[in-house]
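Asker: Structure file model.tsv (TSV, C-alpha atoms and all ligand atoms) right here:
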```tsv
chain	number	residue	atom	x	y	z
A	965	MET	CA	-3.75	18.91	-1.03
A	966	THR	CA	-5.20	20.23	-4.28
A	967	ALA	CA	-8.57	19.36	-5.75
A	968	SER	CA	-6.92	17.89	-8.81
A	969	SER	CA	-4.75	15.64	-6.64
A	970	THR	CA	-7.79	14.22	-4.88
A	971	GLN	CA	-9.41	13.50	-8.23
A	972	SER	CA	-6.44	11.60	-9.73
A	973	PRO	CA	-7.35	7.98	-10.19
A	974	ALA	CA	-5.45	5.48	-8.08
A	975	THR	CA	-3.76	2.42	-9.50
A	976	VAL	CA	-4.87	-0.82	-7.89
A	977	VAL	CA	-2.46	-3.73	-7.58
A	978	ALA	CA	-4.00	-7.05	-6.55
A	979	VAL	CA	-2.24	-9.48	-4.24
A	980	PRO	CA	-3.85	-12.82	-5.17
A	981	LEU	CA	-3.75	-15.07	-2.10
A	982	GLY	CA	-7.08	-16.90	-2.23
A	983	ALA	CA	-9.17	-16.04	0.83
A	984	ARG	CA	-6.40	-13.71	2.01
A	985	SER	CA	-6.30	-11.67	-1.24
A	986	TYR	CA	-6.21	-7.89	-1.01
A	987	ASP	CA	-5.68	-4.75	-3.04
A	988	ILE	CA	-2.94	-2.14	-2.86
A	989	HIS	CA	-4.18	1.33	-3.86
A	990	VAL	CA	-1.44	3.69	-5.03
A	991	GLY	CA	-2.09	7.33	-5.87
A	992	ARG	CA	-2.49	10.92	-4.76
A	993	GLY	CA	-4.95	12.14	-2.17
A	994	LEU	CA	-5.88	8.65	-0.98
A	995	LEU	CA	-5.85	9.57	2.73
A	996	THR	CA	-8.81	11.85	2.12
A	997	ARG	CA	-10.62	9.00	0.36
A	998	ALA	CA	-9.65	6.37	2.92
A	999	ALA	CA	-13.16	5.89	4.34
A	1000	ALA	CA	-14.59	4.90	0.96
A	1001	LEU	CA	-11.67	2.54	0.28
A	1002	MET	CA	-11.91	0.96	3.73
A	1003	THR	CA	-15.66	0.56	4.07
A	1004	PRO	CA	-15.94	-2.61	1.92
A	1005	VAL	CA	-13.51	-4.47	4.22
A	1006	LEU	CA	-14.89	-3.23	7.57
A	1007	SER	CA	-17.16	-5.57	9.46
A	1008	GLN	CA	-18.04	-2.85	11.97
A	1009	LYS	CA	-17.80	0.93	11.66
A	1010	ARG	CA	-14.94	0.99	14.10
A	1011	VAL	CA	-11.17	1.09	13.76
A	1012	PHE	CA	-8.17	1.38	16.06
A	1013	ILE	CA	-5.36	3.43	14.52
A	1014	VAL	CA	-1.74	2.76	15.48
A	1015	THR	CA	0.66	5.54	14.56
A	1016	ASP	CA	3.87	7.14	15.80
A	1017	SER	CA	4.97	10.45	17.27
A	1018	ASN	CA	6.28	11.71	13.90
A	1019	VAL	CA	3.24	10.79	11.81
A	1020	ALA	CA	0.52	11.67	14.35
A	1021	PRO	CA	1.01	15.48	14.21
A	1022	LEU	CA	0.99	15.38	10.39
A	1023	TYR	CA	-1.93	13.11	9.55
A	1024	LEU	CA	-3.79	11.59	12.52
A	1025	GLU	CA	-6.38	14.29	13.04
A	1026	ALA	CA	-7.28	14.76	9.37
A	1027	PHE	CA	-7.36	11.00	8.84
A	1028	SER	CA	-9.61	10.41	11.88
A	1029	GLN	CA	-11.93	13.22	10.76
A	1030	THR	CA	-12.26	11.72	7.30
A	1031	LEU	CA	-13.31	8.47	8.94
A	1032	ALA	CA	-15.65	10.24	11.40
A	1033	LYS	CA	-17.45	11.94	8.48
A	1034	ALA	CA	-18.22	8.48	7.14
A	1035	GLY	CA	-19.52	7.38	10.55
A	1036	ILE	CA	-16.42	5.31	11.38
A	1037	ARG	CA	-15.33	5.62	15.01
A	1038	ALA	CA	-11.56	5.71	15.41
A	1039	ASP	CA	-9.62	5.12	18.64
A	1040	HIS	CA	-5.86	5.39	18.46
A	1041	ALA	CA	-2.50	4.76	20.09
A	1042	ILE	CA	0.66	6.77	19.39
A	1043	VAL	CA	3.99	5.01	19.93
A	1044	PRO	CA	7.37	6.77	19.99
A	1045	ALA	CA	8.85	7.07	16.47
A	1046	GLY	CA	11.78	4.75	15.79
A	1047	GLU	CA	12.93	1.15	15.69
A	1048	ALA	CA	13.09	0.97	19.52
A	1049	SER	CA	9.27	0.75	19.60
A	1050	LYS	CA	9.38	-2.66	17.93
A	1051	ASP	CA	9.84	-4.53	21.21
A	1052	PHE	CA	7.91	-6.57	23.75
A	1053	PRO	CA	7.15	-3.67	26.15
A	1054	HIS	CA	5.65	-1.52	23.36
A	1055	LEU	CA	3.73	-4.50	21.97
A	1056	GLN	CA	2.28	-5.19	25.42
A	1057	HIS	CA	1.37	-1.55	25.92
A	1058	LEU	CA	-0.30	-1.47	22.51
A	1059	LEU	CA	-2.32	-4.63	23.16
A	1060	ASP	CA	-3.36	-3.25	26.58
A	1061	SER	CA	-4.53	-0.02	24.87
A	1062	MET	CA	-6.54	-1.99	22.32
A	1063	LEU	CA	-8.18	-4.03	25.05
A	1064	ALA	CA	-8.80	-0.93	27.20
A	1065	ALA	CA	-10.57	0.61	24.18
A	1066	LYS	CA	-12.71	-2.55	24.09
A	1067	CYS	CA	-11.64	-3.55	20.60
A	1068	GLU	CA	-13.74	-6.45	19.37
A	1069	ARG	CA	-13.06	-9.17	16.81
A	1070	GLY	CA	-14.69	-6.97	14.17
A	1071	THR	CA	-12.61	-3.88	14.99
A	1072	MET	CA	-10.16	-3.10	12.20
A	1073	ILE	CA	-6.62	-2.20	13.24
A	1074	VAL	CA	-5.09	0.50	11.00
A	1075	ALA	CA	-1.31	0.89	10.79
A	1076	LEU	CA	-0.68	4.55	9.86
A	1077	GLY	CA	3.08	5.01	9.51
A	1078	GLY	CA	6.29	3.49	8.22
A	1079	GLY	CA	7.74	0.01	8.52
A	1080	VAL	CA	8.03	0.02	12.31
A	1081	ILE	CA	4.33	0.86	12.73
A	1082	GLY	CA	3.27	-1.68	10.08
A	1083	ASP	CA	5.30	-4.46	11.69
A	1084	LEU	CA	4.21	-3.64	15.26
A	1085	ALA	CA	0.53	-2.98	14.53
A	1086	GLY	CA	0.33	-5.99	12.21
A	1087	PHE	CA	1.82	-8.22	14.89
A	1088	ALA	CA	-0.56	-6.83	17.52
A	1089	ALA	CA	-3.50	-7.44	15.15
A	1090	SER	CA	-2.39	-11.01	14.54
A	1091	VAL	CA	-2.52	-11.91	18.25
A	1092	LEU	CA	-5.26	-9.62	19.60
A	1093	LEU	CA	-8.31	-11.75	20.44
A	1094	ARG	CA	-6.55	-14.57	18.52
A	1095	GLY	CA	-6.26	-12.43	15.40
A	1096	VAL	CA	-8.16	-9.46	13.98
A	1097	ASP	CA	-7.98	-7.80	10.56
A	1098	PHE	CA	-5.72	-4.86	9.79
A	1099	ILE	CA	-5.14	-2.29	7.09
A	1100	GLN	CA	-1.78	-0.84	6.13
A	1101	VAL	CA	-1.59	2.89	5.43
A	1102	PRO	CA	2.15	3.24	4.74
A	1103	THR	CA	3.60	6.76	4.96
A	1104	THR	CA	7.20	6.17	3.82
A	1105	LEU	CA	8.51	5.10	0.43
A	1106	LEU	CA	10.14	2.07	2.02
A	1107	SER	CA	6.90	0.86	3.57
A	1108	GLN	CA	4.88	1.66	0.43
A	1109	VAL	CA	7.08	-0.53	-1.77
A	1110	ASP	CA	8.07	-3.28	0.62
A	1111	SER	CA	7.10	-3.73	4.24
A	1112	SER	CA	3.36	-2.95	4.00
A	1113	VAL	CA	2.88	-5.67	1.38
A	1114	GLY	CA	3.25	-9.37	2.02
A	1115	GLY	CA	2.11	-9.84	5.60
A	1116	LYS	CA	5.38	-10.02	7.50
A	1117	THR	CA	4.87	-8.64	11.01
A	1118	GLY	CA	7.07	-8.70	14.07
A	1119	ILE	CA	9.26	-7.13	16.69
A	1120	ASN	CA	12.96	-7.16	17.57
A	1121	THR	CA	14.48	-8.93	20.58
A	1122	GLY	CA	17.91	-8.88	22.17
A	1123	ALA	CA	18.85	-11.71	19.79
A	1124	GLY	CA	18.17	-9.68	16.64
A	1125	LYS	CA	15.73	-7.94	14.31
A	1126	ASN	CA	12.31	-9.38	13.46
A	1127	LEU	CA	13.00	-12.64	15.26
A	1128	VAL	CA	9.52	-12.78	16.80
A	1129	GLY	CA	6.55	-12.30	14.51
A	1130	THR	CA	3.86	-13.72	12.29
A	1131	PHE	CA	2.68	-13.87	8.72
A	1132	HIS	CA	-0.59	-11.90	8.84
A	1133	GLN	CA	-1.78	-10.39	5.58
A	1134	PRO	CA	-3.46	-6.97	5.65
A	1135	ARG	CA	-7.00	-6.64	4.23
A	1136	LEU	CA	-6.03	-3.55	2.24
A	1137	VAL	CA	-3.02	-1.31	1.60
A	1138	ILE	CA	-3.53	2.43	0.96
A	1139	ALA	CA	-0.35	4.08	-0.37
A	1140	ASP	CA	-0.95	7.82	-0.73
A	1141	THR	CA	1.95	9.28	-2.70
A	1142	ASP	CA	1.17	12.81	-1.45
A	1143	VAL	CA	2.49	11.89	2.02
A	1144	LEU	CA	5.96	11.33	0.54
A	1145	ALA	CA	6.28	15.12	0.18
A	1146	SER	CA	6.81	15.35	3.95
A	1147	LEU	CA	9.51	12.68	3.93
A	1148	PRO	CA	13.11	13.82	4.58
A	1149	ARG	CA	15.28	13.25	1.50
A	1150	ARG	CA	17.44	10.73	3.34
A	1151	GLU	CA	14.35	8.60	4.13
A	1152	LEU	CA	13.15	8.89	0.53
A	1153	LEU	CA	16.51	7.67	-0.75
A	1154	ALA	CA	16.53	4.81	1.76
A	1155	GLY	CA	13.14	3.74	0.38
A	1156	TYR	CA	14.49	4.06	-3.15
A	1157	ALA	CA	17.03	1.32	-2.38
A	1158	GLU	CA	14.11	-1.13	-2.04
A	1159	VAL	CA	12.62	0.15	-5.33
A	1160	ALA	CA	15.95	-0.45	-7.07
A	1161	LYS	CA	16.02	-3.93	-5.54
A	1162	TYR	CA	13.05	-5.04	-7.67
A	1163	GLY	CA	14.91	-4.04	-10.84
A	1164	LEU	CA	18.07	-5.78	-9.76
A	1165	LEU	CA	16.45	-9.02	-8.69
A	1166	GLY	CA	14.11	-9.63	-11.60
A	1167	ASP	CA	13.42	-6.78	-14.01
A	1168	ALA	CA	16.30	-5.40	-16.09
A	1169	LYS	CA	13.95	-3.10	-18.02
A	1170	PHE	CA	12.71	-1.52	-14.79
A	1171	TRP	CA	16.33	-1.05	-13.69
A	1172	ALA	CA	17.15	0.71	-16.98
A	1173	TRP	CA	14.05	2.89	-16.54
A	1174	LEU	CA	15.23	3.77	-13.03
A	1175	GLU	CA	18.68	4.68	-14.35
A	1176	ASP	CA	16.97	7.12	-16.73
A	1177	ASN	CA	14.34	8.52	-14.36
A	1178	ALA	CA	15.53	8.27	-10.73
A	1179	ALA	CA	17.20	11.68	-10.65
A	1180	ALA	CA	14.01	13.46	-11.75
A	1181	MET	CA	11.88	11.25	-9.51
A	1182	LEU	CA	13.89	11.96	-6.36
A	1183	SER	CA	14.96	15.57	-6.85
A	1184	THR	CA	13.24	18.11	-4.63
A	1185	ASP	CA	12.84	20.49	-7.58
A	1186	THR	CA	11.51	18.11	-10.19
A	1187	ARG	CA	10.04	15.38	-7.99
A	1188	SER	CA	7.33	13.92	-10.09
A	1189	HIS	CA	4.33	12.12	-8.70
A	1190	ASP	CA	3.79	10.26	-11.95
A	1191	LEU	CA	7.33	8.86	-11.90
A	1192	LEU	CA	7.04	8.01	-8.21
A	1193	ARG	CA	3.68	6.35	-8.72
A	1194	ARG	CA	5.04	4.29	-11.61
A	1195	ALA	CA	8.01	3.19	-9.51
A	1196	ILE	CA	5.80	2.30	-6.53
A	1197	VAL	CA	3.27	0.44	-8.68
A	1198	THR	CA	5.99	-1.56	-10.48
A	1199	SER	CA	7.57	-2.42	-7.13
A	1200	CYS	CA	4.24	-3.48	-5.61
A	1201	GLU	CA	3.39	-5.57	-8.69
A	1202	ALA	CA	6.74	-7.36	-8.37
A	1203	LYS	CA	6.26	-7.93	-4.67
A	1204	ALA	CA	2.66	-9.11	-5.17
A	1205	ARG	CA	3.81	-11.68	-7.78
A	1206	ILE	CA	6.53	-13.01	-5.48
A	1207	VAL	CA	4.32	-13.12	-2.36
A	1208	ALA	CA	1.52	-14.84	-4.33
A	1209	ALA	CA	4.01	-17.49	-5.47
A	1210	ASP	CA	5.59	-18.02	-2.06
A	1211	GLU	CA	3.68	-16.44	0.82
A	1212	LYS	CA	5.75	-17.93	3.65
A	1213	GLU	CA	9.20	-17.70	2.08
A	1214	GLY	CA	9.81	-21.33	1.27
A	1215	GLY	CA	11.72	-20.33	-1.87
A	1216	VAL	CA	11.39	-17.45	-4.33
A	1217	ARG	CA	10.35	-14.88	-1.69
A	1218	ALA	CA	13.89	-15.10	-0.32
A	1219	LEU	CA	15.00	-13.20	-3.46
A	1220	LEU	CA	13.48	-10.12	-1.77
A	1221	ASN	CA	16.40	-10.36	0.62
A	1222	LEU	CA	18.82	-9.21	-2.09
A	1223	GLY	CA	21.43	-7.11	-0.28
A	1224	HIS	CA	19.90	-7.94	3.10
A	1225	THR	CA	22.43	-10.52	4.35
A	1226	PHE	CA	25.17	-7.89	4.01
A	1227	GLY	CA	22.76	-5.14	5.03
A	1228	HIS	CA	21.66	-6.81	8.27
A	1229	ALA	CA	25.31	-7.44	9.21
A	1230	LEU	CA	26.07	-3.75	8.66
A	1231	GLU	CA	23.03	-2.64	10.64
A	1232	ALA	CA	23.94	-4.98	13.50
A	1233	GLU	CA	27.48	-3.56	13.57
A	1234	MET	CA	26.43	0.09	13.30
A	1235	GLY	CA	23.55	-0.24	15.79
A	1236	TYR	CA	19.98	0.15	14.54
A	1237	GLY	CA	19.20	3.82	14.09
A	1238	ASP	CA	20.36	6.99	12.42
A	1239	ARG	CA	23.98	6.01	11.75
A	1240	LEU	CA	22.85	3.70	8.96
A	1241	LEU	CA	19.23	3.47	7.83
A	1242	HIS	CA	17.89	0.09	6.71
A	1243	GLY	CA	17.62	1.22	3.08
A	1244	GLU	CA	21.16	2.57	3.15
A	1245	ALA	CA	22.42	-0.77	4.47
A	1246	VAL	CA	20.47	-2.51	1.68
A	1247	SER	CA	22.08	-0.20	-0.92
A	1248	ILE	CA	25.55	-1.16	0.29
A	1249	GLY	CA	24.43	-4.78	0.56
A	1250	MET	CA	23.13	-4.93	-3.02
A	1251	THR	CA	26.39	-3.45	-4.29
A	1252	LEU	CA	28.33	-6.07	-2.32
A	1253	ALA	CA	26.04	-8.88	-3.54
A	1254	PHE	CA	26.83	-7.93	-7.14
A	1255	GLU	CA	30.55	-7.58	-6.39
A	1256	LEU	CA	30.53	-11.00	-4.73
A	1257	SER	CA	28.63	-12.45	-7.70
A	1258	ALA	CA	31.24	-10.98	-10.10
A	1259	ARG	CA	34.12	-12.28	-7.97
A	1260	LEU	CA	32.55	-15.76	-8.00
A	1261	GLY	CA	32.26	-15.60	-11.82
A	1262	HIS	CA	28.44	-15.63	-11.82
A	1263	CYS	CA	27.96	-12.06	-13.06
A	1264	PRO	CA	29.82	-9.77	-15.51
A	1265	ALA	CA	31.96	-7.21	-13.66
A	1266	PRO	CA	30.44	-4.29	-15.66
A	1267	ASP	CA	27.00	-5.14	-14.20
A	1268	ALA	CA	28.41	-4.83	-10.68
A	1269	SER	CA	29.98	-1.48	-11.60
A	1270	ARG	CA	26.69	-0.30	-13.10
A	1271	VAL	CA	24.84	-1.12	-9.86
A	1272	ALA	CA	27.33	0.79	-7.72
A	1273	ALA	CA	27.40	3.72	-10.16
A	1274	HIS	CA	23.63	4.22	-10.21
A	1275	LEU	CA	23.10	3.86	-6.45
A	1276	ALA	CA	25.95	6.29	-5.80
A	1277	ALA	CA	24.61	8.71	-8.44
A	1278	VAL	CA	21.25	9.02	-6.67
A	1279	GLY	CA	23.06	9.67	-3.38
A	1280	LEU	CA	22.94	6.28	-1.68
A	1281	PRO	CA	26.00	4.79	0.05
A	1282	THR	CA	27.63	1.83	-1.71
A	1283	ARG	CA	30.66	1.21	0.53
A	1284	PRO	CA	30.48	-0.14	4.11
A	1285	PRO	CA	31.27	2.43	6.80
A	1286	ARG	CA	34.89	2.04	7.90
A	1287	ASN	CA	34.14	2.86	11.52
A	1288	GLY	CA	31.29	1.95	13.82
A	1289	PRO	CA	30.54	2.16	17.53
A	1290	ARG	CA	33.13	-0.60	18.21
A	1291	GLY	CA	35.86	1.15	16.19
A	1292	ALA	CA	37.21	0.04	12.81
A	1293	VAL	CA	34.81	-2.27	10.96
A	1294	THR	CA	36.48	-5.45	9.67
A	1295	ALA	CA	35.44	-8.24	7.31
A	1296	ALA	CA	35.63	-10.67	10.25
A	1297	MET	CA	33.18	-8.60	12.31
A	1298	LEU	CA	30.67	-8.50	9.45
A	1299	MET	CA	31.08	-12.23	8.78
A	1300	ALA	CA	30.41	-12.95	12.46
A	1301	HIS	CA	27.08	-11.09	12.19
A	1302	MET	CA	26.21	-12.99	9.01
A	1303	SER	CA	26.66	-16.31	10.76
A	1304	GLN	CA	23.80	-15.27	13.10
A	1305	ASP	CA	21.43	-14.43	10.24
A	1306	LYS	CA	17.92	-15.76	10.78
A	1307	LYS	CA	17.87	-17.03	7.19
A	1308	MET	CA	20.49	-19.69	8.08
A	1309	LYS	CA	19.60	-23.18	6.93
A	1310	ASP	CA	21.48	-26.19	8.27
A	1311	GLY	CA	24.21	-23.84	9.45
A	1312	ALA	CA	24.83	-22.18	6.03
A	1313	VAL	CA	24.03	-18.56	5.21
A	1314	THR	CA	21.78	-18.08	2.20
A	1315	PHE	CA	23.00	-15.34	-0.16
A	1316	VAL	CA	21.06	-13.72	-2.94
A	1317	LEU	CA	23.51	-13.55	-5.87
A	1318	ALA	CA	23.00	-12.42	-9.47
A	1319	ARG	CA	23.79	-13.71	-12.96
A	1320	ARG	CA	23.26	-10.20	-14.30
A	1321	ILE	CA	21.11	-7.16	-13.53
A	1322	GLY	CA	17.54	-8.45	-13.37
A	1323	ASP	CA	18.44	-12.09	-12.71
A	1324	ALA	CA	19.01	-12.99	-9.05
A	1325	PHE	CA	19.29	-16.46	-7.54
A	1326	LEU	CA	19.80	-18.04	-4.12
A	1327	SER	CA	23.07	-19.63	-3.13
A	1328	ARG	CA	24.21	-21.37	0.03
A	1329	ASP	CA	27.53	-22.08	-1.54
A	1330	VAL	CA	29.69	-19.00	-1.02
A	1331	PRO	CA	33.27	-19.86	0.01
A	1332	ALA	CA	34.32	-17.88	3.09
A	1333	PRO	CA	37.61	-16.67	1.52
A	1334	THR	CA	35.74	-15.11	-1.45
A	1335	LEU	CA	33.27	-13.46	0.91
A	1336	GLU	CA	36.12	-12.14	3.02
A	1337	ALA	CA	37.99	-10.84	-0.04
A	1338	THR	CA	34.84	-9.02	-1.24
A	1339	LEU	CA	34.33	-7.38	2.14
A	1340	THR	CA	38.00	-6.50	2.59
A	1341	ALA	CA	38.14	-4.86	-0.86
A	1342	ALA	CA	34.94	-2.92	-0.15
A	1343	LEU	CA	36.18	-1.72	3.24
A	1344	ALA	CA	39.43	-0.54	1.62
A	1345	GLY	CA	37.63	1.13	-1.31
A	1401	LIG	N1	10.87	-7.59	2.92
A	1401	LIG	C1	11.03	-8.92	2.47
A	1401	LIG	C2	9.76	-9.68	2.41
A	1401	LIG	O1	8.70	-9.14	2.61
A	1401	LIG	O2	9.80	-10.86	2.16
```
Please express the file's structure as structure tokens.
Answerer:
Amino acid sequence: MTASSTQSPATVVAVPLGARSYDIHVGRGLLTRAAALMTPVLSQKRVFIVTDSNVAPLYLEAFSQTLAKAGIRADHAIVPAGEASKDFPHLQHLLDSMLAAKCERGTMIVALGGGVIGDLAGFAASVLLRGVDFIQVPTTLLSQVDSSVGGKTGINTGAGKNLVGTFHQPRLVIADTDVLASLPRRELLAGYAEVAKYGLLGDAKFWAWLEDNAAAMLSTDTRSHDLLRRAIVTSCEAKARIVAADEKEGGVRALLNLGHTFGHALEAEMGYGDRLLHGEAVSIGMTLAFELSARLGHCPAPDASRVAAHLAAVGLPTRPPRNGPRGAVTAAMLMAHMSQDKKMKDGAVTFVLARRIGDAFLSRDVPAPTLEATLTAALAG
């Protein structure tokens, strides 16, 4: 980390939620300044850090030392990296560790990691001693632009992903863009799908900016912190606006699920893990959502083509995998997964469709034959 990076100013995005309001700090070198950022929201000089086996060797020691220098005692727990840690046994183990460390109501839980750590640590914080505060320190692009903001926490069960959880807002989010340098390119691209989502669902200008700048932003040679920071800040501002308007997803927040109904079906079919990352499933899902919208006559076909072309150009998948662990993937298999979606209301699946790039809307009125035709065409393509 260079001296100039630690001196760059951070951008602060506010999430206005009354008594539960908090700030998202985005910028370079923020891990080294974490103690100063955290101190105003600590009620005791004590934190419990939750991290995973990938992140711990990279950042845990330096992060804990930064806190120690400011007189903040830090206990920690390291969970195995990966989605499998978001389950009841790991939650129980984590809560037992927090209690064994004699965490008190004033002890701040710190989630240092990607989406799995944020969801698991946030859930643990929301039930420990009937609820303690937590801070998100997201270390992946996906968690910096989406999962660390908005207070969704939870674990997976045999019945599906994120089916047990809480809304528990963090007290602070610290998104250090320097940590993205250690992110494998595939993970960076998967996070980029969620960045692109904000353009597609509500900001055509941002989408056009991404079309012009994504290649430079994501390339290993030219990767630019300023471009990345601008993309992260714009994404967080969009998410903050939506969460402030609809914290518990009674309406507009559901737009954040653009591409996710298709995406979750694909993830369920492929098995959660390396075969298809969440962001990759969302990329395919957003492409399908635009193709479905065009097929239903809601959206011009050239917009759907533009979505697929850009996502493919940056290196994201836009077509469903033809084969999965159960053999050939069919439209019927994916539709069966969709009918189990947790966003079902009165037995109908809610889709996020689009009128054009930058103008998404919710629909529970998608005829099964049109859905099937969209999926069949995509699987053949
Ligand atoms: N990731 C979707 C949401 O936070 O609502």
Asker: Atom CA of A:Gln1133 and atom CA of A:Gly1114, how far apart in Å?
Answerer: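 Straight-line distance from atom CA of A:Gly1114 to atom CA of A:Gln1133 works out to 6.2 Å.
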Asker: Given 5 Å of margin on each side, can you work out the centre and size in Å (one decimal) of an axis-aligned box holding every listed atom of ligand LIG 1401 (chain A), as lines of an AutoDock Vina configuration file?
Answerer:
```
center_x = 9.9
center_y = -9.2
center_z = 2.5
size_x = 12.3
size_y = 13.3
size_z = 10.8
```
Asker: Go ahead and compute the interatomic distance for atom CA of A:Leu1260 and atom CA of A:Val1316, in Å to one decimal.
Answerer: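 Computing the Euclidean distance for atom CA of A:Leu1260 and atom CA of A:Val1316 yields 12.7 Å.
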Asker: State, in Å with one decimal place, the distance from atom CA of A:Asp1142 to atom CA of A:Gly991.
Answerer: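 Taking atom CA of A:Asp1142 as the start and atom CA of A:Gly991 as the end point, the length is 7.8 Å.
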Asker: Identify the residues around (28.3, -0.1, -3.2) within a radius of 9 Å, measuring from all atoms listed in the file in the coordinates stated by the file, and give them as a list in words.
Answerer: Ser1247, Ile1248, Gly1249, Met1250, Thr1251, Leu1252, Phe1254, Glu1255, Ala1268, Ser1269, Val1271, Ala1272, Ala1273, Leu1275, Ala1276, Leu1280, Pro1281, Thr1282, Arg1283, Pro1284 and Ala1342 of chain A
Asker: Would you mind listing what lies within 8 Å of stretch 1042-1052 of chain A as a list in words, with only C-alpha atoms counted and same-chain residues fewer than 5 positions away left out?
Answerer: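 Skipping anything fewer than 5 positions along the chain leaves Val1014, Thr1015, Asp1016, Ser1017, Asn1018, Ala1020, Val1080, Asp1083, Leu1084, Gly1118, Ile1119, Asn1120, Thr1121, Tyr1236 and Gly1237 of chain A.
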Asker: Using all atoms listed in the file, I'd like a table of the residues in chain A that come within 7 Å of ligand LIG 1401 (chain A); for each, show the closest atom pair and its distance in Å rounded to one decimal, ordered by chain and ascending number, as CSV.
Answerer:
```
residue,atom,partner,partner_atom,distance
A:Asp1110,CA,A:LIG1401,N1,5.6
A:Ser1111,CA,A:LIG1401,N1,5.6
A:Val1113,CA,A:LIG1401,O1,6.9
A:Gly1114,CA,A:LIG1401,O1,5.5
A:Lys1116,CA,A:LIG1401,O1,6.0
A:Glu1213,CA,A:LIG1401,O2,6.9
A:Arg1217,CA,A:LIG1401,O2,5.6
A:Ala1218,CA,A:LIG1401,O2,6.4
A:Leu1220,CA,A:LIG1401,C1,5.0
A:Asn1221,CA,A:LIG1401,C1,5.9
```
Asker: Pick out the residues sitting within 9 Å of A:Ile1321, and hand them over as an MDAnalysis selection string; count only C-alpha atoms, and ignore anything fewer than 4 positions along from it in its own chain.
Answerer: chainID A and resid 1163:1168 1171 1254 1263 1267:1268 1270:1271
Asker: Which one is closest to A:Ala1258: A:Met1297, A:Val1246, A:Lys1309, A:Arg1320? Count only C-alpha atoms.
Answerer: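 Selected residue with least distance to A:Ala1258: A:Arg1320.
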Asker: Just the residues within 9 Å of A:Tyr1023, please, counting only C-alpha atoms, with nothing from its chain fewer than 4 positions along; format it as an NGL selection string.
Answerer: :A and (995 or 1019 or 1027-1028 or 1076 or 1143)
Asker: Okay, now the selection with C-alpha atoms, as an mmCIF file, keeping the file's coordinate frame?
Answerer:
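Saved as result.cif:
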```
data_model
loop_
_atom_site.group_PDB
_atom_site.id
_atom_site.type_symbol
_atom_site.label_atom_id
_atom_site.label_comp_id
_atom_site.auth_asym_id
_atom_site.auth_seq_id
_atom_site.Cartn_x
_atom_site.Cartn_y
_atom_site.Cartn_z
ATOM 1 C CA LEU A 995 -5.850 9.570 2.730
ATOM 2 C CA VAL A 1019 3.240 10.790 11.810
ATOM 3 C CA PHE A 1027 -7.360 11.000 8.840
ATOM 4 C CA SER A 1028 -9.610 10.410 11.880
ATOM 5 C CA LEU A 1076 -0.680 4.550 9.860
ATOM 6 C CA VAL A 1143 2.490 11.890 2.020
#
```
Asker: For A:Gly1115, which residue among A:Asp1310, A:Asp1190, A:Glu1211, A:Asp1238 is the nearest when counting only C-alpha atoms?
Answerer: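 The shortest atom-to-atom distance to A:Gly1115 comes from A:Glu1211.
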Asker: Place a sphere of radius 12 Å on (36.8, -14.1, 2.8) in the file coordinates and name every protein, DNA or RNA residue with an atom inside or on its surface, counting only C-alpha atoms; give the answer as a PDB file with C-alpha atoms, in the frame of the given file.
Answerer:
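Resulting contents of selection.pdb:
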```pdb
ATOM      1  CA  LEU A1256      30.530 -11.000  -4.730  1.00  0.00           C
ATOM      2  CA  ARG A1259      34.120 -12.280  -7.970  1.00  0.00           C
ATOM      3  CA  LEU A1260      32.550 -15.760  -8.000  1.00  0.00           C
ATOM      4  CA  THR A1294      36.480  -5.450   9.670  1.00  0.00           C
ATOM      5  CA  ALA A1295      35.440  -8.240   7.310  1.00  0.00           C
ATOM      6  CA  ALA A1296      35.630 -10.670  10.250  1.00  0.00           C
ATOM      7  CA  MET A1297      33.180  -8.600  12.310  1.00  0.00           C
ATOM      8  CA  LEU A1298      30.670  -8.500   9.450  1.00  0.00           C
ATOM      9  CA  MET A1299      31.080 -12.230   8.780  1.00  0.00           C
ATOM     10  CA  ALA A1300      30.410 -12.950  12.460  1.00  0.00           C
ATOM     11  CA  VAL A1330      29.690 -19.000  -1.020  1.00  0.00           C
ATOM     12  CA  PRO A1331      33.270 -19.860   0.010  1.00  0.00           C
ATOM     13  CA  ALA A1332      34.320 -17.880   3.090  1.00  0.00           C
ATOM     14  CA  PRO A1333      37.610 -16.670   1.520  1.00  0.00           C
ATOM     15  CA  THR A1334      35.740 -15.110  -1.450  1.00  0.00           C
ATOM     16  CA  LEU A1335      33.270 -13.460   0.910  1.00  0.00           C
ATOM     17  CA  GLU A1336      36.120 -12.140   3.020  1.00  0.00           C
ATOM     18  CA  ALA A1337      37.990 -10.840  -0.040  1.00  0.00           C
ATOM     19  CA  THR A1338      34.840  -9.020  -1.240  1.00  0.00           C
ATOM     20  CA  LEU A1339      34.330  -7.380   2.140  1.00  0.00           C
ATOM     21  CA  THR A1340      38.000  -6.500   2.590  1.00  0.00           C
ATOM     22  CA  ALA A1341      38.140  -4.860  -0.860  1.00  0.00           C
ATOM     23  CA  ALA A1342      34.940  -2.920  -0.150  1.00  0.00           C
TER      24      ALA A1342
END
```
Asker: Residues near A:Arg1290, anyone? I mean within 10 Å using all atoms listed in the file, not counting same-chain ones fewer than 4 positions away, as a JSON list (two decimals) with C-alpha atoms, in the frame of the given file.
Answerer:
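Heads up, here's the output in out_33.json:
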```json
[["chain", "number", "residue", "atom", "x", "y", "z"],
["A", 1233, "GLU", "CA", 27.48, -3.56, 13.57],
["A", 1234, "MET", "CA", 26.43, 0.09, 13.30],
["A", 1235, "GLY", "CA", 23.55, -0.24, 15.79],
["A", 1297, "MET", "CA", 33.18, -8.60, 12.31]]
```
